[in-house]
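Asks: Structure provided below as structure tokens; questions to follow.
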Amino acid sequence: MTAGLSLSPFDAAWLGSVLVLMTPLLIAGAGELISERAGVLNVGLEGMMLSGAFFAFYVAYLTGSPAVALVGGVAGGLVFGLVMGALVILAGADQIVAGVGINLAAIGLTSFLFDQIFGGQDQVIVATLGEAPIPVLSSIPYVGSALFGQDLLVYGAIALIVATWFVLFKSSWGLMIRSVGEMPQASRTAGISVAGVQWAGVLIAAGLGGLAGAYLSVVDVGIFKEQMTDGRGFLVLVAVIFGRWRPWGLVCACLILAAADGLQLRLANVTSVPRSVWVGLLVAALLVAGVRWWRRRVGATGRGALAVTAASILVPGGLLIFNPDVHLPDQLWRSLPYLLALSVLAAGVSRSRMPSRLGLQPLRHEG
Amino acid sequence: MATAGGPSVRAHGDATVALELKGITKRFPGVTANDGIDLDVKRGEVHALLGENGAGKSTLMNIVFGLVAPDSGEIIVGGKRVTPHGPQEAAALGIGMVHQHFMLVPDMDVIENVALTSTRWPRMLKRENLRSELDALATAFGLGVSSKALVETLSVGERQRVEILKLLYRGAQLIILDEPSAALTPTEWQSLTAFLRTMTAEGKAVVLITHKLDEIMDVADRCTVLRDGRVVTTLDVATTDKATLARTMVGRDVSLRGSRAAAQVGDVVLEVEDVTLDEGGRRLLDGVSLQVRSGEVVGIAGVSGNGQNELVDVIVGLSRAATGRVTIDGREYSDLLTRGFTAAGGALVPESRHSEGVALDLSIWENLVAKELTRFTRHGVVDMAAARRHAVELSAMFDIRSPSVETGVKKLSGGNQQKVVLARELSRDPRLVIMFQPTLGLDAGAIEGVYRRINEQKLKGAAVLLISYELDEILSLTDRFAVMFGGRLGPMMTSENADVERVGLLMGGGR
């Protein structure tokens with residue numbers, strides 16, 4: 001074992017990367033949460049993020065301004081938000097089918113445009129939004145720069161979650177949104193336009209999805225590549241479910257997913273892995289899934305799925321602990337966040353917290 | 001007591017009248033739901049609206065509430081002519097309606113439900129202010145519900161009171177209650193009446209839509225009786241009795257629709273013995289016993305929602321009775337998904353044609369063979385040719401009018417859809433036929449066809465159980481019938497020369 005690798009992976013740099021990785025999840029998650037609370041399951045989020053990532057990159061390439069590029073990202077998401085709303089709210093199409101269609105369309109559109117505009121060139125790198133360290137706090141030793149030396153959107157994402165919580169649970173708009181997702185008939189008799197609220201939900205989810213995509217391309221790395229969102233939109237859908245449709249739950253879910261993602265990035269090129277990683281992972285996985293299992297909230301199929309995912313973490317983990325020299329492919333590391341997501345889903349989130357009209361077609365009922 | 005937000009009373013208006021209707025008329029295709037209705041509701045009174053199913057009660061109240069636009073007539077609220085478009089405008093006029101299905105969000109607490117309204121910009125919820133206002137209202141009217149309770153944790157009676165509280169909070173002066181006792185236990189009904197009396201003492205007006213005579217005697221000041229979309233009369237409850245109310249509700253010359261065939265009555269086919277069914281502490285079926293013999297048509301009359309659905313579900317095997325038993329030809333059958341019922345020779349023409357009678361997205365032939373798939377299946381493969389031949393035969397026999405048997409059932413008229421149901425059910429030569437509202441939504445020609453089929457089955461020696469909310473249908477087609485009320489089946493009566501006044505009394509829960 002080389003000296004460099006004896007260093008613990010859970011250091012300040014990891015902490016900083018977790019914040020950066022969590023930010024797009026939080027931004028997209030806030031929008032998705034609002035949309036789902038209004039009863040629209042926005043499966044097209046992945047496509048909206050991808051579209052946002054591309055258009056932000058393109059605008060940054062044209063204008064050179066990362067700030068303007070963010071606006072371009074929002075617009076890129078909104079384009080597909082309009083499509084989603086037209087299909088689902090106006091035409092009454094199935095939400096999941098429409099969402100899957102949007103994801104495929106976004107992959108095709110962004111790949112085509114990227115090839116048309118940037119094809120044949122060397123990798124174009126655009127200017128990224130710089131860091132905005134908070135004075136004093138960022139100079140705290142060890143964790144200061146990791147926590148308070150980030151770009152503006154990292155702080156913005158936290159503020160966005162607070163705002164989402166406030167709007168959903170402390171304001172009249174929150175009542176409108178939640179009533180539409182739970183009991184649209186009641187909303188209607190209270191004079192609320194169900195379609196209007198759902199439009200708002202879809203567009204907010206799409207716009208924030210676009211912004212989250214823009215974060216990936218013009219804030220984080222400054223490049224665009226085909227399908228660069230890499231399933232993050234789907235992770236957000238999982239995070240909203242895992243967070244039980246509550247903002248603080250969403251933060252916890254995003255934190256876990258980002259922590260796992262950060263870990264796989266740091267360890268992807270390492271051939272032998274410190275035991276602390278596996279111990280940490282096992283604790284996390286057991287906390288997530290075990291508690292529910294213990295409470296007997298999991299059905300028989302859930303237990304089966306849980307056992308498979310637990311095994312896929314435990315087996316390589318045990319192998320490494322007893323034989324540290326074993327070589328594991330880096331694909332295993334990349335699959336970590338998804339394994340965690342699976343175990344979360346398998347643990348069977350209780351349906352009672354789910355907005356009761358989520359994913360259903362609008363009621364076409366006249367008195 | 002004028003509350004801010006209530007209707008302003010003009011000098012020329014009668015200050016004691018909360019709502020006045022003049023000549024309200026509403027026609028739907030093929031039926032006049034309301035025909036020149038005049039009605040006045042005074043402040044401080046409970047005004048009952050009595051009538052059978054289809055008498056026009058709900059349409060009238062939907063007009064007042066702005067859900068349906070009248071073809072002609074005037075609505076006068078607080079002395080001013082109004083035309084409410086939609087619930088929001090009705091609410092602004094001080095009219096509130098408590099629907100049979102509550103318009104409450106289960107996942108929110110009482111405060112949030114009351115505060116739920118449309119706002120252009122987000123407004124902060126002032127929970128503490130709302131809570132003290134609500135508690136004041138709750139104390140004044142004797143509500144007895146914590147404003148912090150989640151609605152899903154409340155009982156049906158409590159939810160109903162929350163619904164009323166919500167309307168009061170929004171400044172309602174006139175509250176329409178649509179069959180409020182439908183889901184209540186007797187105790188809950190008692191607390192509701194106390195609640196209504198406090199409200200009228202405060203000068204609010206209440207319109208009570210009901211068909212239960214006891215309730216009217218219990219709480220109403222005046223009662224307007226509707227029949228066939230017209231006002232029969234408005235009575236002072238203090239100077240009337242249940243018999244008079246019943247007579248005015250149904251007492252008319254029975255218009256015989258279709259005639260009764262004479263057939264040889266044979267052995268008992270369907271026997272229902274002392275069947276009881278409970279759900280959530282309410283008794284939905286209470287000791288129901290019934291016999292239907294071969295070659296006779298037995299009717300179950302009564303207003304909807306008195307246990308008819310539950311009885312049919314128990315007979316066909318969709319739900320299991322708590323006590324009692326059901327037999328066909330003396331044999332009990334397994335209650336597995338209606339298969340036992342079908343195998344025992346049972347046929348069902350269900351009430352809701354679209355959700356239970358036919359599969360709308362499938363073709364005519366697929367619907368026709370759906371219950372006899374094994375007959376048209378060889379080694380697990382459907383014999384299409386045989387199935388289609390069978391369907392073509394049935395189509396001719398039952399006069400199903402369509403381009404071909406491949407046509408989707410969705411594209412057929414209601415009458416032809418019902419013919420598909422009848423063809424499928426009756427072509428199996430059933431021992432027992434259950435007809436649940438078989439003429440619902442059909443035109444005159446189609447209705448006549450259904451009646452012919454009923455008589456045909458009777459002559460073939462089948463036992464027929466006809467459940468209908470239309471008294472005329474029961475009286476003209478059945479041999480014997482009983483009235484169902486509150487989950488109980490009343491005494492069996494001979495349909496010929498039945499005492500209509502007594503029937504009306506039974507339908508309203510009298511004896």
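Going by the structure tokens order, chains are called A, B, ..., each with residues numbered from 1, while ligands are numbered from 1 in the order shown.
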Taking only C-alpha atoms into account, produce a table as a tab-separated table in which each residue of chain A with an atom at most 9 Å from an atom of chain B appears once, together with its shortest atom pair and the distance in Å to one decimal, ordered by chain and rising number.
Replies:
residue	atom	partner	partner_atom	distance
A:Phe166	CA	B:Met124	CA	8.8
A:Val167	CA	B:Pro122	CA	7.5
A:Phe169	CA	B:Leu125	CA	8.6
A:Lys170	CA	B:Leu125	CA	5.5
A:Ser171	CA	B:Met124	CA	4.3
A:Ser172	CA	B:Arg123	CA	5.1
A:Trp173	CA	B:Pro122	CA	5.1
A:Gly174	CA	B:Pro122	CA	8.1
A:Leu175	CA	B:Leu116	CA	5.8
A:Met176	CA	B:Leu116	CA	6.5
A:Arg178	CA	B:Val105	CA	8.6
A:Ser179	CA	B:Val105	CA	6.1
A:Glu182	CA	B:Val105	CA	6.3
A:Met183	CA	B:Val105	CA	5.6
A:Pro184	CA	B:Val105	CA	8.7
A:Gln185	CA	B:Met103	CA	6.4
A:Ala186	CA	B:Met103	CA	4.3
A:Ser187	CA	B:Thr117	CA	7.6
A:Arg188	CA	B:Pro87	CA	8.1
A:Thr189	CA	B:Pro87	CA	5.7
A:Ala190	CA	B:Thr117	CA	5.2
A:Gly191	CA	B:Gln88	CA	5.0
A:Ile192	CA	B:Ser118	CA	4.9
A:Ser193	CA	B:Ser118	CA	8.0
A:Arg353	CA	B:Asp107	CA	8.4
A:Pro355	CA	B:Asp107	CA	8.6
A:Glu366	CA	B:Leu67	CA	8.2
A:Gly367	CA	B:Leu67	CA	6.1
Asks: Report as a list in words all protein, DNA and RNA residues lying within 7 Å of Glu45 of chain B, evaluated on only C-alpha atoms, omitting residues in the same chain fewer than 4 positions from it.
Replies: Thr200, Ala205, Val206 and Asp221 of chain B
Asks: So that I can check the surroundings of Val265 of chain B, please list as a list of chain:residue names every protein, DNA and RNA residue that reaches within 10 Å of it, counting only C-alpha atoms and ignoring chain neighbours fewer than 2 positions away.
Replies: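 Contacts, with the query itself left out: B:Ala262, B:Ala263, B:Asp267, B:Val268, B:Val292, B:Arg293, B:Ser294, B:Gly295, B:Glu296, B:Val297, B:Lys458, B:Leu459, B:Gly461, B:Ala462, B:Ala463.
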Asks: Within 8 Å of Met484 of chain B, counting only C-alpha atoms, which residues show up once you throw out same-chain ones fewer than 4 positions away? Write them as a list in words, please.
Replies: Ile300, Ala301, Gly302, Val303, Asn306, Gly307, Gln308, Arg488, Leu489, Gly490, Leu506 and Met507 of chain B
Asks: From a DSSP pass on the backbone, collect the residues of segment 5-94 of chain B flagged as strand (DSSP E or B) and hand them back as a PyMOL selection string.
Replies: chain B and resi 17-28+31-42+46-50+72-77+80-82
Asks: Got time to write the residues from that selection, N, CA and C atoms, as a JSON list (two decimals), in the first residue's frame?
Replies:
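Output file result_29.json is given in full below:
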[["chain", "number", "residue", "atom", "x", "y", "z"],
["B", 17, "VAL", "N", -86.01, 37.14, 3.77],
["B", 17, "VAL", "CA", -85.81, 36.06, 2.79],
["B", 17, "VAL", "C", -84.34, 35.96, 2.42],
["B", 18, "ALA", "N", -83.77, 34.79, 2.65],
["B", 18, "ALA", "CA", -82.36, 34.59, 2.32],
["B", 18, "ALA", "C", -82.18, 34.24, 0.85],
["B", 19, "LEU", "N", -83.10, 33.47, 0.33],
["B", 19, "LEU", "CA", -82.98, 33.01, -1.06],
["B", 19, "LEU", "C", -84.37, 32.87, -1.66],
["B", 20, "GLU", "N", -84.51, 33.41, -2.86],
["B", 20, "GLU", "CA", -85.78, 33.26, -3.54],
["B", 20, "GLU", "C", -85.53, 32.78, -4.95],
["B", 21, "LEU", "N", -86.28, 31.77, -5.37],
["B", 21, "LEU", "CA", -86.16, 31.26, -6.73],
["B", 21, "LEU", "C", -87.49, 31.51, -7.44],
["B", 22, "LYS", "N", -87.41, 32.00, -8.68],
["B", 22, "LYS", "CA", -88.63, 32.26, -9.44],
["B", 22, "LYS", "C", -88.56, 31.57, -10.79],
["B", 23, "GLY", "N", -89.43, 30.64, -11.00],
["B", 23, "GLY", "CA", -89.58, 30.00, -12.30],
["B", 23, "GLY", "C", -88.32, 29.36, -12.85],
["B", 24, "ILE", "N", -87.56, 28.69, -11.99],
["B", 24, "ILE", "CA", -86.33, 28.06, -12.46],
["B", 24, "ILE", "C", -86.65, 26.84, -13.34],
["B", 25, "THR", "N", -86.12, 26.84, -14.54],
["B", 25, "THR", "CA", -86.33, 25.73, -15.47],
["B", 25, "THR", "C", -84.98, 25.27, -15.99],
["B", 26, "LYS", "N", -84.78, 23.96, -16.01],
["B", 26, "LYS", "CA", -83.56, 23.41, -16.56],
["B", 26, "LYS", "C", -83.88, 22.12, -17.30],
["B", 27, "ARG", "N", -83.55, 22.11, -18.58],
["B", 27, "ARG", "CA", -83.77, 20.90, -19.37],
["B", 27, "ARG", "C", -82.45, 20.26, -19.71],
["B", 28, "PHE", "N", -82.38, 18.94, -19.54],
["B", 28, "PHE", "CA", -81.27, 18.17, -20.06],
["B", 28, "PHE", "C", -81.82, 17.37, -21.23],
["B", 31, "VAL", "N", -84.93, 15.10, -20.74],
["B", 31, "VAL", "CA", -85.57, 15.20, -19.44],
["B", 31, "VAL", "C", -85.59, 16.65, -18.96],
["B", 32, "THR", "N", -86.71, 17.04, -18.38],
["B", 32, "THR", "CA", -86.80, 18.37, -17.77],
["B", 32, "THR", "C", -86.55, 18.18, -16.28],
["B", 33, "ALA", "N", -85.36, 18.58, -15.83],
["B", 33, "ALA", "CA", -84.99, 18.34, -14.44],
["B", 33, "ALA", "C", -85.73, 19.29, -13.50],
["B", 34, "ASN", "N", -85.85, 20.54, -13.91],
["B", 34, "ASN", "CA", -86.56, 21.54, -13.12],
["B", 34, "ASN", "C", -87.54, 22.25, -14.04],
["B", 35, "ASP", "N", -88.78, 22.37, -13.59],
["B", 35, "ASP", "CA", -89.81, 22.93, -14.45],
["B", 35, "ASP", "C", -90.54, 24.05, -13.71],
["B", 36, "GLY", "N", -90.10, 25.26, -13.90],
["B", 36, "GLY", "CA", -90.76, 26.43, -13.31],
["B", 36, "GLY", "C", -90.82, 26.39, -11.80],
["B", 37, "ILE", "N", -89.68, 26.20, -11.17],
["B", 37, "ILE", "CA", -89.69, 26.05, -9.71],
["B", 37, "ILE", "C", -89.65, 27.40, -8.99],
["B", 38, "ASP", "N", -90.59, 27.58, -8.07],
["B", 38, "ASP", "CA", -90.60, 28.75, -7.19],
["B", 38, "ASP", "C", -90.30, 28.27, -5.78],
["B", 39, "LEU", "N", -89.43, 29.01, -5.10],
["B", 39, "LEU", "CA", -89.05, 28.57, -3.75],
["B", 39, "LEU", "C", -88.54, 29.78, -2.99],
["B", 40, "ASP", "N", -88.88, 29.88, -1.71],
["B", 40, "ASP", "CA", -88.24, 30.92, -0.90],
["B", 40, "ASP", "C", -87.76, 30.32, 0.41],
["B", 41, "VAL", "N", -86.54, 30.70, 0.76],
["B", 41, "VAL", "CA", -85.95, 30.22, 2.01],
["B", 41, "VAL", "C", -85.74, 31.43, 2.91],
["B", 42, "LYS", "N", -86.30, 31.36, 4.11],
["B", 42, "LYS", "CA", -86.22, 32.52, 5.03],
["B", 42, "LYS", "C", -84.99, 32.41, 5.91],
["B", 46, "VAL", "N", -84.84, 26.16, 8.83],
["B", 46, "VAL", "CA", -84.32, 24.99, 8.13],
["B", 46, "VAL", "C", -85.40, 24.60, 7.14],
["B", 47, "HIS", "N", -85.06, 24.70, 5.86],
["B", 47, "HIS", "CA", -86.03, 24.43, 4.82],
["B", 47, "HIS", "C", -85.68, 23.12, 4.14],
["B", 48, "ALA", "N", -86.54, 22.13, 4.29],
["B", 48, "ALA", "CA", -86.24, 20.82, 3.71],
["B", 48, "ALA", "C", -86.72, 20.75, 2.28],
["B", 49, "LEU", "N", -85.96, 20.02, 1.47],
["B", 49, "LEU", "CA", -86.33, 19.79, 0.08],
["B", 49, "LEU", "C", -86.49, 18.28, -0.05],
["B", 50, "LEU", "N", -87.74, 17.85, -0.25],
["B", 50, "LEU", "CA", -88.04, 16.42, -0.23],
["B", 50, "LEU", "C", -88.40, 15.95, -1.62],
["B", 72, "SER", "N", -83.97, 29.11, -17.73],
["B", 72, "SER", "CA", -84.68, 30.35, -17.46],
["B", 72, "SER", "C", -84.99, 30.42, -15.97],
["B", 73, "GLY", "N", -85.44, 31.60, -15.53],
["B", 73, "GLY", "CA", -85.77, 31.78, -14.13],
["B", 73, "GLY", "C", -84.80, 32.71, -13.44],
["B", 74, "GLU", "N", -85.20, 33.12, -12.22],
["B", 74, "GLU", "CA", -84.39, 34.09, -11.49],
["B", 74, "GLU", "C", -83.97, 33.53, -10.14],
["B", 75, "ILE", "N", -82.75, 33.90, -9.75],
["B", 75, "ILE", "CA", -82.27, 33.59, -8.40],
["B", 75, "ILE", "C", -82.13, 34.92, -7.69],
["B", 76, "ILE", "N", -82.77, 35.06, -6.55],
["B", 76, "ILE", "CA", -82.70, 36.32, -5.82],
["B", 76, "ILE", "C", -82.10, 36.06, -4.45],
["B", 77, "VAL", "N", -80.97, 36.68, -4.19],
["B", 77, "VAL", "CA", -80.30, 36.51, -2.91],
["B", 77, "VAL", "C", -80.27, 37.86, -2.21],
["B", 80, "LYS", "N", -81.56, 40.79, -4.20],
["B", 80, "LYS", "CA", -80.88, 41.18, -5.43],
["B", 80, "LYS", "C", -80.87, 40.01, -6.40],
["B", 81, "ARG", "N", -81.15, 40.30, -7.67],
["B", 81, "ARG", "CA", -81.11, 39.23, -8.67],
["B", 81, "ARG", "C", -79.65, 38.86, -8.97],
["B", 82, "VAL", "N", -79.34, 37.59, -8.91],
["B", 82, "VAL", "CA", -77.94, 37.18, -9.13],
["B", 82, "VAL", "C", -77.88, 36.03, -10.12]]
